[in-house]
Amino acid sequence: MESRYALLLSCLLLPVCASHLLEPFDFLFDTAVEAYYKGDWLTVILNMEKALRNKATVRSVKAQCRLGCDNQTAFGDRLSGLGASVPGAGSVEDLGFFQKILKRADCVNSCEAEKLGTPTVHWVTAEVELEFKKRTPYNYLQVAYFKINKMDKAVAAAHTFSLANPDHMEMKQNLDYYRMMAGVEPEDFKDLEAQLHMAEFLLGKSYYSDDSFGLAADHFETAVDEYFTADKECRALCEGSYNYDGYNYMEYSADLFQTMTDHYMQVLNCKQHCAVELALTAGKDKPFEDFLPSHFNYLQFSYHNSEKYERAVECARTFLLFHPGDEVMNQNLAYYSAMLGEDKARAITARQVVKLHIQQSILEKELLYFGYEAFGITFVDPDTWTPEDVMPKKLRDKQKAERETTARITEEIGNLMKEIETLVEEKKKDSSDMAMILAPQEGGAPLPGDIKVTMTANQLNGSQRVLLDGVISEDECRELQRLSNAAAGKGDGYRGRPSPHSPSETFQGVTVLKAVKLGQEGTVPLKSARLFFDISEKVKKMLESYFRLEVPLYFSYSHLVCRSAISEKQEDREDLSHPVHVDNCLLVSELNECIKEPPAYTHRDYSAILYLNGDFEGGEFIFTELDAKTVTAEVRPQCGRVVGFGAGRENPHGVRAVTGGQRCAVALWFTLDPAHEEKERIHAQEMLNMFSTPVNAEFIKKEANGVSEPPPTTAEPAIQADLGKTEGTQDGVPASQMPDAAAGDEADATKNQAEAQPVGKTKPGAKVKGAAKAKAKTADKVIPAAKKDGKQTVKTQSKQGVKKDAKPATKKTMKVTKKDSKKASDSQSGKEEL
């Protein structure tokens with residue numbers, strides 16, 4: 001890599017070279033990312049836009065060169081200079097074949113070198129390719145355009161990124177925010193990466209659904225033409241370097257013809273897969289089924305409704321090339337022929353371009369099946385229309401036997417799992433009394449007062465987790481709840497929007513500093529603000545003790561918050577009060593990964609939620625797996641209960657919908673890095689010191705006398721992902737996409753306000769419709785529902801001090817509900833964190 005950049009630098013210094021050199025798009029991407037962290041928005045835009053253009057140029061040039069050289073050195077005509085073939089001398093014929101191979105290679109190399117420069121300059125790593133495939137550049141661009149007030153471009157970039165990352169919660173919030181902004185038009189929400197053939201196909205479907213059959217036919221025809229253009233390009237790009245498919249290329253040893261066979265089979269496999277690539281659209285997990293044939297299905301009916309029977313006959317015949325036995329299409333063809341006249345209809349044939357396409361594809365499939373039989377090179381046919389006799393009978397019989405064996409094994413495994421479940425239930429019943437008695441301690445020194453460990457990490461089915469009860473009294477809970485209702489602002493941290501997380505709930509919050517200032521003014525009792533401050537300090541010390549931390553924790557953000565159900569909006573509710581996320585990395589649930597890099601709050605190390613009440617419906621805190629669906633633990637809030645946990649990828653969490661009443665809690669985030677200490681809290685402490693009221697001396701005294709120095713433990717490292725941190729925004733700035741993170745600024749106010757109860761792992765439940773409705777006729781989004789399978793969950797008891805809370809849970813799986821609600825979160829008074 002260093003030598004490549006050295007080559008690039010040396011070439012840039014030469015005027016002749018610099019005038020022809022296309023800068024590597026990964027170099028431009030890296031430059032833009034550097035500028036992003038410096039807040040140099042124009043440099044971000046210039047380099048990231050150029051990186052996208054140069055990547056597209058490299059792809060286009062490679063395709064054009066290969067297609068052009070294919071035409072110049074086609075295999076078919078004998079090359080001059082070889083003379084007549086010599087009977088029995090196959091080597092002379094071989095030379096003719098390889099002469100064409102060499103000429104084509106020279107043609108491609110010369111073409112690419114002339115237009116792109118040295119080939120190694122444009123080699124990029126798989127990681128960079130993945131970033132562009134995920135459309136990450138548009139995530140950076142939407143922030144940069146927002147910062148320079150180019151809203152139309154920011155919206156387009158955000159929409160483009162969101163289509164490829166439909167579960168990215170922060171971008172959903174940003175798009176909701178943009179929709180509410182004055183001056184943003186519906187046409188600004190466009191896909192900058194849309195493939196032309198797919199865009200035309202989707203437009204055709206849209207007009208088709210509206211019964212505008214003339215317009216639909218026009219767009220479907222354009223889609224067909226663009227499809228074959230894209231198919232040619234895709235196939236040409238398959239003729240790249242050999243992929244060693246996971247094994248060490250140094251150990252690969254094959255003779256000339258085996259090497260050629262391996263590479264050519266790989267190229268053919270890639271070309272067959274183009275049918276899948278071209279049927280994919282951003283945000284859709286699966287390709288459109290029977291994509292190319294479906295164009296002619298739509299076209300024949302569109303032309304029928306436009307009374308263009310010649311075209312209807314042509315398209316029906318073309319569809320039948322793929323599915324000759326389709327009964328409905330044969331009936332349609334007969335009807336169109338009768339309307340047009342049998343003689344005239346008989347003269348109309350299927351489209352020649354489709355005939356050639358099918359012929360070429362079938363020949364490729366036959367070669368691939370031969371390679372499957374002869375060399376064991378696996379081939380899975382992507383098409384549903386392939387004639388049955390293309391696959392050799394031996395392979396057909398083998399696959400049939402494998403399917404039957406798989407079905408039998410699946411049935412046997414299902415029966416075995418039922419037996420195991422029965423045994424587990426019996427064992428769990430026998431050991432339940434013992435489990436209620438034993439609550440093994442994970443932490444260091446004994447916790448002060450009547451505080452007890454209700455559930456450990458093991459009982460919560462995870463790591464770096466703990467559930468504590470008796471942290472504060474009923475009177476203290478009521479006082480803090482009164483403080484919230486008196487001091488908290490609607491939509492605090494979210495530009496005053498009362499329902500930032502769910503349209504079915506209102507949200508209110510107050511920070512420590514705001515509470516102390518209101519206490520100073522006499523708006524609220526100062527002792528209540530001091531209680532808020534002191535209790536959060538108490539929770540911090542408990543976490544330091546329990547998790548055996550050798551270095552102190554620093555507050556990263558503190559928020560006293562309440563969520564209230566809107567009674568008239570609870571019917572058929574399917575969303576979460578707070579989506580599943582991770583506190584210090586971006587959760588990519590579809591990949592079971594968490595990316596610990598900005599815009600995530602990467603400095604967070606521990607989190608805690610102190611609950612103030614339990615007299616409401618719903619609102620349970622949940623832990624999940626990285627898939628954001630499999631619930632591993634669930635906690636029912638109650639007064640004085642604390643759930644504490646590591647802020648990394650080991651603890652994805654969320655909050656179920658609050659369907660009745662008001663749910664209040666103190667949400668706390670901590671860091672081990674003093675550079676990120678909450679500045680507002682320091683200011684609040686200074687103000688409290690000026691008021692010269694004692695600070696919870698009893699608790700400090702207990703801590704001084706009772707806490708021993710525990711040995712160090714190693715926290716689990718957080719890994720990368722794509723979705724976690726959810727609600728931090730700046731005033732007027734989209735959530736989680738801000739670049740210039742400030743040290744004490746945590747505006748994802750109730751992000752960690754989740755609660756939990758141990759639940760067993762089982763398979764997810766049902767599906768429900770997503771919230772993104774009818775914005776585009778093609779956007780069909782499915783969101784998991786909150787259905788459990790029939791397995792019993794072990795919930796934490798609402799009475800603190802009952803030993804049943806220590807009962808271990810069997811792991812179980814259930815789907816976590818999510819719903820797209822307007823969540824354009826905004827940060828505290830000009831602060832932000834990414």
# chains A, B, ... in the order shown; residues from 1 in each chain; ligands from 1

call {"tool": "residues_around", "arguments": {"residues": "region 224-226 of chain A", "least_positions_apart": "2", "cutoff": "10 Å", "atoms": "only C-alpha atoms", "output": "JSON, numbers by chain"}}
result
{"A": [195, 196, 197, 198, 199, 200, 201, 219, 220, 221, 222, 228, 229, 230, 231, 232, 292, 293, 295, 296, 353, 354]}

call {"tool": "write_last_selection", "arguments": {"atoms": "C-alpha atoms", "output": "short mmCIF file (atom, residue, chain, number, x, y, z; two decimals), in the first residue's frame"}}
result
data_model
loop_
_atom_site.label_atom_id
_atom_site.label_comp_id
_atom_site.auth_asym_id
_atom_site.auth_seq_id
_atom_site.Cartn_x
_atom_site.Cartn_y
_atom_site.Cartn_z
CA GLN A 195 -29.33 1.44 -11.34
CA LEU A 196 -31.12 2.72 -14.42
CA HIS A 197 -32.78 -0.58 -15.32
CA MET A 198 -34.13 -1.04 -11.78
CA ALA A 199 -35.34 2.56 -11.52
CA GLU A 200 -37.27 2.17 -14.79
CA PHE A 201 -38.69 -1.20 -13.69
CA HIS A 219 -40.91 2.35 -18.64
CA PHE A 220 -40.85 -1.46 -18.85
CA GLU A 221 -39.48 -1.25 -22.41
CA THR A 222 -36.74 1.12 -21.26
CA PHE A 228 -29.30 -6.02 -21.26
CA THR A 229 -26.84 -3.10 -21.17
CA ALA A 230 -26.24 -3.72 -17.47
CA ASP A 231 -26.03 -7.48 -18.05
CA LYS A 232 -23.24 -6.99 -20.60
CA LEU A 292 -36.30 -10.65 -16.50
CA PRO A 293 -39.34 -12.79 -17.48
CA HIS A 295 -40.85 -7.62 -17.53
CA PHE A 296 -42.62 -9.38 -20.40
CA VAL A 353 -32.26 -10.53 -28.01
CA VAL A 354 -34.04 -12.70 -25.46
#

call {"tool": "closest_residue", "arguments": {"among": "A:Arg482, A:Lys172, A:Lys55, A:Lys100", "to": "Val128 (chain A)", "atoms": "only C-alpha atoms"}}
result
A:Lys55

call {"tool": "residues_around", "arguments": {"residues": "Arg681 (chain A)", "least_positions_apart": "2", "cutoff": "9 Å", "atoms": "only C-alpha atoms", "output": "list in words"}}
result
Thr511, Val512, Leu513, Phe533, Phe555, Ser556, Tyr557, Ser558, Glu677, Glu678, Lys679, His683, Ala684, Gln685, Glu686 and Gly744 of chain A

call {"tool": "residues_around", "arguments": {"residues": "His653 (chain A)", "least_positions_apart": "5", "cutoff": "7 Å", "atoms": "only C-alpha atoms", "output": "number ranges by chain"}}
result
A: 580-582, 622-624, 754

call {"tool": "select_by_dssp", "arguments": {"residues": "region 452-658 of chain A", "states": "alpha helix (DSSP H)", "output": "count of residues only"}}
result
45

call {"tool": "select_by_dssp", "arguments": {"residues": "region 444-479 of chain A", "states": "strand (DSSP E or B)", "output": "PyMOL selection string"}}
result
chain A and resi 452-455+465-469

call {"tool": "residues_around", "arguments": {"residues": "region 272-278 of chain A", "least_positions_apart": "4", "cutoff": "8 Å", "atoms": "only C-alpha atoms", "output": "MDAnalysis selection string"}}
result
chainID A and resid 198 227 230:231 234:235 268 287 291 361 364:365 381:383

call {"tool": "atom_distance", "arguments": {"atom1": "CA of Arg478 (chain A)", "atom2": "CA of Gly661 (chain A)"}}
result
15.0 Å
